[in-house]
Every structure is written in structure tokens, then in C-alpha cells.
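Okay, structure first, notes after.
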Amino acid sequence: MGMTKGWKLYDPRLAWMLVAPVLLLLLLFLLLPIAVMGVYTFFTFVTAGVETSALTFANWKEFLTDSYYHGFLLKTVRVGAMTAIICAVLGYFPAYFIWATTFRHKWLLLLLLIVPFWISFTIRTFSWIHILGEQGIINVTLLKLGLIDQPLQMLYTEGAVIMGLLHFLLPYMILNVYVSLESIDRTLISAARSMGCTSAQAFREVTLPLSLPGLGAGLLLCFVLAAGSYVTPQLLGSGRDALFGNLIYDTIMGQLNWPMGATLSIVLFVVLGCFAAAYTRYMGMSQIVKGLGG
Amino acid sequence: MKISTTKRLERLNERYGNGDISRRSFLTLTAAAAASVGLSTPWIGRALAAATEVRFDGWGGVVQEAIDKYAFQAYTQKTGIKVVQGTFGDEDEIITKIKTSKPGDFQVIHSSGVNYYIKYVNAGVNSEINEANIPNMANVLAPMIEPFRKITPKISAVPYDYGTTGIAYNNKVISDDEAKEKGVGLLFDKKYAGKVGGYSDMTTRVWYAALQSGQDPNNIQDMDAVWAKVRENRDLAKKFWSSGAELMDLLSKGEIVVTDAWSGRVAALQQQGHPIGYIDPKGSYAWMEDMLVLKGSPMPECEELINFMLEPATSIAVAEGQNYPPSLDPTKVKLGDKIPTLPAFDPTGSMKALTFADPVYWATNEDAWNKQWDRISKGA
């Protein structure tokens with residue numbers, strides 16, 4: 001072909017040209033803004049909405065010495081981890097079912113997983129108010145059945161926040177595990193069975209270990225997304241249930257203190273980045289790419 | 001030096017005419033110049049559109065619906081100038097957006113009075129209004145304009161309405177007599193633990209804590225006592241709401257039975273038939289709102305819009321729709337039957353019956369108090 005004359009399919013020049021636009025976009029819209037935020041962490045806060053470029057370590061000093069921030073950082077990691085683990089426990093079985101089923105229209109099951117994404121995330125979060133609230137469906141039903149005298153306090157609690165996060169993140173976990181299961185060579189399971197394994201043993205010895213990369217990728221993805229969320233705690237939690245993202249929001253939008261807000265943002269970015277780096281070190285990032293593409 | 005596209009094309013044409021450049025180069029360069037026009041069109045388009053469009057950002061909900069219905073639609077019909085609208089739940093949110101945008105992206109803001117006016121002035125984003133272009137300002141209450149003039153003699157905002165943040169309560173649970181007797185104390189009543197609400201805003205929280213601790217909110221002597229009261233109220237509260245819509249939702253669904261609340265939103269709930277009572281206890285927090293014009297706005301169009309909004313017929317219709325009394329002087333303009341019945345309405349026009357926040361006092365303390373409130377709201 002005339003147009004590809006001189007090019008080979010695996011030509012590194014072609015590869016660079018193909019990724020160049022994306023690299024440029026990443027540089028302009030991801031790395032550069034993060035760098036600007038990094039610089040902002042050294043700016044001086046004057047008053048709400050006003051800062052000067054006089055460089056200072058005051059923001060970092062405040063973060064490092066104030067236990068208020070450390071407490072929220074630990075809490076954010078804890079809520080993120082709890083959400084990810086519950087997602088793993090709840091998500092593995094549906095993924096396994098979709099993989100193992102002999103139902104002819106498997107695509108329908110996968111479609112059902114994606115359907116929630118058709119509705120705005122904020123609206124999905126708001127819907128919990130009508131389920132968990134005092135006038136919500138659970139309380140109204142329990143009251144009508146006479147099982148309780150007073151409505152249960154479910155909304156505006158940490159439980160409600162985790163529930164909202166699970167609702168949002170579960171499909172990510174299921175898809176990741178499913179993709180991992182799909183890549184297992186089924187003859188391995190047959191081999192295990194033919195060598196005398198019970199089906200439970202075959203699952204424990206073959207299927208589960210081989211699906212661990214997907215489970216790990218799902219855990220990381222759910223953890224990072226949960227720990228970085230701020231809409232869910234804002235809508236379903238009380239002030240005490242705020243996560244680190246809410247602290248950042250309030251510092252930037254409420255106190256109009258951009259230098260401190262930038263400092264907190266960089267902190268969260270670095271902390272979540274460390275978890276992702278640790279994961280890459282032990283599991284490899286390719287699994288997440290597979291899961292998202294799956 | 002920067003030259004305009006027209007100039008560039010003229011020069012090219014001249015050089016071509018002089019035989020300085022070949023036909024081929026001329027066409028190439030002309031095409032390049034034309035392409036640069038094409039690329040810059042989005043920005044040019046915006047600048048040109050400014051004359052036929054005014055951008056307005058307000059509080060959304062029933063308030064903005066009223067403004068849109070009675071003021072903007074009529075204004076567009078009369079002048080052909082479209083009002084492009086945005087909303088915010090918290091004014092700090094729009095200040096952040098303004099800080100990150102170009103002058104002129106945001107133009108007219110339905111702002112919360114002098115406390116916020118200082119923030120725009122500090123950030124250097126306020127404009128200077130030509131009052132001669134707003135003849136209807138003659139009808140605006142002088143005591144409402146004065147505080148703005150104290151901050152900037154040449155003002156960039158015109159007061160538009162006022163209201164109070166009083167105490168709203170569910171009549172099914174709390175009687176009018178109980179509310180009158182307890183007043184501010186209702187927000188601190190252990191009997192209603194877990195059913196109390198409040199505006200998630202430092203000024204409101206500190207204001208009511210100051211009243212409850214027996215202090216003047218405009219001259220607090222014992223701040224520790226105030227923070228202790230803020231914490232006491234927090235521990236009784238189910239949720240601090242952050243928008244008028246959320247307030248109406250929490251009250252009407254019975255999630256909370258007592259809260260500090262914006263008078264107009266409560267009036268709207270009452271008109272919808274919800275059993276909600278409202279009182280303004282002594283020292284109740286009064287506030288005003290203004291139409292603020294930002295730097296970089298098309299001033300004549302914005303001034304015309306504000307003048308149109310201040311037309312008595314428009315202003316009264318908006319006030320009746322949003323349930324907040326207008327800034328028009330009741331001794332100069334007949335305000336009809338409904339407005340005098342609205343909560344917070346001052347028939348004397350002196351505004352002496354209402355307690356507004358002292359802008360300088362609050363601005364001095366705002367940064368530190370906001371930070372402290374943020375922490376207390378999160379359980380500190």
C-alpha cells in the first residue's frame with residue numbers, strides 16, 4: 001500500500017505517532033495542572049479568595065502538625081478499604097455466576113451490570129434518601145408492619161455512605177472479576193476434576209487463585225474511587241462522615257483557601273498514588289486495563 | 001506587535017498587488033490567515049455575543065423561577081437581550097468559579113449582601129455601576145444602599161430584596177405557643193435531638209449560638225461560649241442543609257422538625273400547604289440580597305437589566321413569586337397586598353427593626369471562624 005510505504009506494523013515511530021496525541025493531552029490536562037497545584041501549595045493565603053505568590057511552607061507545616069487532617073486521612077483510608085472489601089465479597093459471586101452460567105443470553109446479564117451507569121451518579125445517590133430516610137421505604141414498611149415504633153436512623157450515617165459507595169462501585173468489581181475468570185482456561189478445571197478434586201477443591205485450588213489478579217484490580221479500583229469520593233458522603237452522610245475529599249472541597253469552596261486546598265489535594269493524590277504503585281509492583285497494572293476494557 | 005486579521009489580509013493584498021509575493025504564496029498565506037480566523041472564532045463569537053446576552057447566576061429553585069418568570073422573560077421580550085442563567089447552592093462556590101474564569105464569563109450575580117460584597121471587592125472582581133443608567137434606584141431603600149457605599153463609594157451592586165433567617169418548625173410536633181416561648185432555644189432543645197436542622201453556614205451557626213449564649217452577634221465577647229453552643233446545636237442536629245431545595249425537602253418530609261430557615265422558602269412551603277410555622281425571634285438574622293455586576297461585563301446591558309428588574313411592577317411580581325420583600329421603599333412605592341404579609345417585611349422602610357450583620361466586624365473574623373466551623377461541623 002502506498003500510504004504505509006516504509007512503515008512496519010510494529011514500527012516504533014508509528015507507535016509513538018499514534019500515542020502522541022494522548023500523551024500530549026495527558027501532559028496538558030493532567031500533569032501540568034497537578035504541577036500547578038504543587039506550586040500552589042507553597043503560596044501564601046491572605047484572606048478568603050485572595051492569595052499571594054510569596055512562597056511559604058506554612059501549608060505543609062499545618063498539614064504535617066495538625067492531627068485533624070491526619071484523622072480524616074486515616075478515616076478515608078479505612079472507609080475506602082471497608083468499601084473495597086465488601087465490594088469484593090459481594091461482587092465475586094455475581095461475577096462467578098455470570099461466568100459459569102450456561103444461560104444463552106449472557107450478554108443480557110452483562111448489560112444489566114452496565115444499566116445503572118445510564119442514570120446520573122448524583123441521582124442514583126439521591127435515590128438512597130428515599131430508601132433510607134425517615135419517610136423512606138424501609139422505615140415506612142417497618143412502621144406499618146409494627147416491627148418498630150420509631151423510624152430507624154439510617155440516613156446521614158457512615159453506613160449510608162458505605163451503602164452509597166457500594167451501589168456506585170459494585171459493577172466495577174464484578175466486571176474486573178468476570179474478565180479475570182473469563183481468561184481462565186476451563187480445561188484446567190476439568191483436569192483438576194479428572195484428577196480427583198471435588199468441585200469445591202477445584203474452585204479453591206484452580207479458579208480462585210487464577211481469578212485473584214482480577215479481584216486485586218477490583219479492590220484497588222474500588223478503594224481509590226471510594227477514598228477519593230466526596231459527593232456520596234456529602235449527600236448521604238452527616239458532617240462527621242466527611243471524607244478527605246470533603247475537606248478539600250470545604251477548604252477550596254468554603255474557606256476559599258486555595259493554597260491549603262491544593263496541599264490537601266496533593267496529599268490525597270500522593271497517598272492514593274502510593275496504593276496504586278504498590279499494587280502495580282505486586283500485581284501489574286495490566287489487569288485493571290483488561291478489566292476496564294472488558 | 002499583534003496585528004488584526006483584517007490588517008494582515010490588507011498587507012498581504014498590498015504586497016501581492018506590488019508583486020512582492022507570488023500568487024501561490026499569496027493564496028497560501030491568505031488561507032493561513034483565514035484558518036486563524038476560523039480557529040479564533042469561538043472567542044470572537046463570545047465577545048460579540050456579549051452585547052446580545054447577559055449572564056446571570058442565582059440561587060436556583062423557586063427564587064430563580066420567580067426572577068426568570070417575572071423579570072428575565074419580560075426583559076428579553078422587550079430588549080431582545082437573552083439572559084443566560086446559572087445557579088449555585090452556596091455563594092462561595094460561584095466566587096471560586098469566577099476566580100477561575102475570564103472577566104466577562106460571569107456577569108450578574110444574585111449576591112448575599114454586604115458580607116459577600118467585601119469578598120468580591122477583596123478579590124478585585126467588582127465593577128463600577130453608572131447609577132445614572134439605573135433611574136429606578138431612586139425607589140430603592142436608602143438604608144439598604146448605604147452599607148455598600150461604605151465599602152466602595154462607587155458601588156457595583158444594587159440591593160434587590162431582603163429576608164430573615166428565622167426559626168421554622170413542624171406544627172404537627174411543635175405548637176406556635178411553644179415556638180414563641182422558646183424562640184432560639186428551640187434549636188438547642190434536647191427534646192428534639194436528632195430532629196434539628198440548620199443552615200450549613202458559619203455566619204448562621206455563629207449568629208444563633210451567640211444569641212443563645214446571650215451575646216450580641218455583632219459584638220461577641222466570649223467566643224468560646226459561642227463555639228460551645230455551636231457544638232451543642234451540632235450534636236442535636238440531624239443534618240445541616242446546604243441549599244434552599246434541601247431545606248424544603250427536609251422540612252416537608254419530616255426528617256427535621258425544627259431548623260433555622262430562610263423566610264421566603266418557608267413561605268413557599270406554607271403556600272404548598274405544609275404545616276410549617278415560622279418565627280423571627282429577637283435578634284433574628286436579617287440579610288439582604290443584591291444584583292452585583294462583575295468586572296468585564298457589558299455594563300450598559302447589565303445596568304438596563306437591573307433597571308428593568310427594579311421597575312415596581314417587575315420587582316413586586318418577583319417579590320411575590322420568591323416570597324422575599326423587595327428593596328423598594330414602601331413609603332415611595334405601593335407594594336400591593338401580598339408583600340406586607342411576607343415574613344421580614346418592614347413597613348417603615350427604616351430597616352431598624354431588622355438586625356443585619358456588621359460587614360466589617362464579620363469580615364475581620366470570617367477566615368478564622370470559617371475554619372473553626374468547618375472543623376466543628378465535622379465532629380471536632
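Within each chain, counting starts at residue 1; across the C-alpha cells, chains are named A, B, ... in the order shown, with ligands numbered 1 upward in that order.
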Query raised in the report: Using only C-alpha atoms, which chain A residues lie at most 9 Å away from chain B, written as a PyMOL selection string?
Result: chain A and resi 47-50+68+133-135+153+156+237-242+247+250-257
Query - Secondary structure check, alpha helix (DSSP H) residues of segment 150-209 of chain B, as JSON, numbers by chain - result: {"B": [150, 151, 176, 177, 178, 179, 180, 181, 182, 202, 203, 204, 205, 206, 207, 208, 209]}
Query raised in the report: Skipping near chain neighbours, those fewer than 3 positions away, what residues fall within 7 Å of Leu335 of chain B using only C-alpha atoms, listed as a PyMOL selection string?
Result: chain B and resi 316+330+339
Requested in this report: Extract, using only C-alpha atoms, all DNA, RNA and protein residues at most 9 Å from Trp227 of chain B, discarding same-chain residues fewer than 4 positions from it, and format them as a PyMOL selection string.
Outcome: chain B and resi 206+209-210+223+231-232+372-373+376
Report task. Report as a PyMOL selection string: the residues of segment 67-277 of chain B with a DSSP assignment of strand (DSSP E or B), based on the backbone of this structure. Result -> chain B and resi 82-87+108-111+126+140+157-170+196-199+237-241+258-262+276-277
Requested in this report: Please provide as a ChimeraX atom specification all residues within 8 Å of segment 59-61 of chain B, with the sequence filter that same-chain residues fewer than 2 positions apart are discarded (counting only C-alpha atoms).
Outcome: /B:57,63-65,86-90,110,244-245
Writer output for current selection, C-alpha atoms, as a PDB file, in the first residue's frame:
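Generated file (out.pdb):
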```pdb
ATOM      1  CA  ASP B  57     -26.132  33.409  38.292  1.00  0.00           C
ATOM      2  CA  VAL B  63     -36.403  32.116  43.842  1.00  0.00           C
ATOM      3  CA  GLN B  64     -34.825  31.981  40.411  1.00  0.00           C
ATOM      4  CA  GLU B  65     -38.005  30.659  38.835  1.00  0.00           C
ATOM      5  CA  GLY B  86     -26.650  29.559  36.011  1.00  0.00           C
ATOM      6  CA  THR B  87     -27.270  28.558  39.616  1.00  0.00           C
ATOM      7  CA  PHE B  88     -25.316  27.940  42.798  1.00  0.00           C
ATOM      8  CA  GLY B  89     -26.193  26.499  46.219  1.00  0.00           C
ATOM      9  CA  ASP B  90     -23.536  28.407  48.075  1.00  0.00           C
ATOM     10  CA  HIS B 110     -27.684  37.455  42.859  1.00  0.00           C
ATOM     11  CA  GLY B 244     -32.910  26.025  49.814  1.00  0.00           C
ATOM     12  CA  ALA B 245     -34.157  22.940  47.991  1.00  0.00           C
TER      13      ALA B 245
END
```
Query raised in the report: What is the atom CA of Asn130 of chain B to atom CA of Glu303 of chain B distance in Å?
Result: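 We find that atom CA of Asn130 of chain B and atom CA of Glu303 of chain B lie 7.6 Å from each other.
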Nearby residues (only C-alpha atoms) at most 9 Å from Pro347 of chain B, same-chain spacing under 6 positions excluded, as a PDB file with all heavy atoms, in the first residue's frame:
```
ATOM      1  N   ASP B 329     -38.697  51.173  48.447  1.00  0.00           N
ATOM      2  CA  ASP B 329     -39.119  51.911  49.641  1.00  0.00           C
ATOM      3  C   ASP B 329     -40.655  51.918  49.730  1.00  0.00           C
ATOM      4  O   ASP B 329     -41.309  52.508  48.864  1.00  0.00           O
ATOM      5  CB  ASP B 329     -38.571  53.340  49.554  1.00  0.00           C
ATOM      6  CG  ASP B 329     -38.770  54.097  50.843  1.00  0.00           C
ATOM      7  OD1 ASP B 329     -39.661  53.705  51.631  1.00  0.00           O
ATOM      8  OD2 ASP B 329     -38.031  55.078  51.068  1.00  0.00           O
ATOM      9  N   PRO B 330     -41.228  51.282  50.768  1.00  0.00           N
ATOM     10  CA  PRO B 330     -42.697  51.218  50.841  1.00  0.00           C
ATOM     11  C   PRO B 330     -43.340  52.585  51.055  1.00  0.00           C
ATOM     12  O   PRO B 330     -44.543  52.730  50.854  1.00  0.00           O
ATOM     13  CB  PRO B 330     -42.959  50.293  52.036  1.00  0.00           C
ATOM     14  CG  PRO B 330     -41.708  50.250  52.811  1.00  0.00           C
ATOM     15  CD  PRO B 330     -40.582  50.596  51.893  1.00  0.00           C
ATOM     16  N   THR B 331     -42.527  53.586  51.438  1.00  0.00           N
ATOM     17  CA  THR B 331     -43.119  54.925  51.577  1.00  0.00           C
ATOM     18  C   THR B 331     -43.155  55.643  50.232  1.00  0.00           C
ATOM     19  O   THR B 331     -43.787  56.682  50.087  1.00  0.00           O
ATOM     20  CB  THR B 331     -42.312  55.775  52.591  1.00  0.00           C
ATOM     21  OG1 THR B 331     -40.989  55.948  52.075  1.00  0.00           O
ATOM     22  CG2 THR B 331     -42.243  55.114  53.958  1.00  0.00           C
ATOM     23  N   PRO B 340     -46.808  43.114  52.119  1.00  0.00           N
ATOM     24  CA  PRO B 340     -46.844  43.470  53.546  1.00  0.00           C
ATOM     25  C   PRO B 340     -47.099  42.273  54.469  1.00  0.00           C
ATOM     26  O   PRO B 340     -46.826  42.342  55.664  1.00  0.00           O
ATOM     27  CB  PRO B 340     -47.995  44.476  53.623  1.00  0.00           C
ATOM     28  CG  PRO B 340     -48.062  45.074  52.270  1.00  0.00           C
ATOM     29  CD  PRO B 340     -47.726  43.954  51.332  1.00  0.00           C
TER      30      PRO B 340
END
```
Query - Within 6 Å of Met173 of chain A using only C-alpha atoms, minus same-chain residues under 3 positions, as an MDAnalysis selection string - result: chainID A and resid 91 170 176 218
Once you have the residues from the selection above, write them out as a PDB file, in the first residue's frame, restricted to all heavy atoms.
```pdb
ATOM      1  N   GLY A  91     -19.212  -8.863  45.286  1.00  0.00           N
ATOM      2  CA  GLY A  91     -19.104  -8.833  43.828  1.00  0.00           C
ATOM      3  C   GLY A  91     -18.601 -10.128  43.217  1.00  0.00           C
ATOM      4  O   GLY A  91     -18.864 -10.411  42.050  1.00  0.00           O
ATOM      5  N   LEU A 170     -19.865  -1.422  42.935  1.00  0.00           N
ATOM      6  CA  LEU A 170     -20.006  -2.864  42.745  1.00  0.00           C
ATOM      7  C   LEU A 170     -19.825  -3.312  41.283  1.00  0.00           C
ATOM      8  O   LEU A 170     -19.133  -4.298  41.014  1.00  0.00           O
ATOM      9  CB  LEU A 170     -21.348  -3.326  43.311  1.00  0.00           C
ATOM     10  CG  LEU A 170     -21.426  -4.757  43.827  1.00  0.00           C
ATOM     11  CD1 LEU A 170     -20.264  -5.080  44.754  1.00  0.00           C
ATOM     12  CD2 LEU A 170     -22.749  -4.992  44.541  1.00  0.00           C
ATOM     13  N   ASN A 176     -14.368  -6.549  36.776  1.00  0.00           N
ATOM     14  CA  ASN A 176     -12.966  -6.935  36.895  1.00  0.00           C
ATOM     15  C   ASN A 176     -12.808  -8.420  37.162  1.00  0.00           C
ATOM     16  O   ASN A 176     -11.984  -9.098  36.538  1.00  0.00           O
ATOM     17  CB  ASN A 176     -12.299  -6.142  38.020  1.00  0.00           C
ATOM     18  CG  ASN A 176     -11.574  -4.937  37.478  1.00  0.00           C
ATOM     19  OD1 ASN A 176     -10.554  -5.061  36.829  1.00  0.00           O
ATOM     20  ND2 ASN A 176     -12.142  -3.771  37.716  1.00  0.00           N
ATOM     21  N   GLY A 218      -9.915  -5.115  41.032  1.00  0.00           N
ATOM     22  CA  GLY A 218     -11.196  -4.580  41.512  1.00  0.00           C
ATOM     23  C   GLY A 218     -11.031  -3.908  42.857  1.00  0.00           C
ATOM     24  O   GLY A 218     -11.576  -2.823  43.094  1.00  0.00           O
TER      25      GLY A 218
END
```
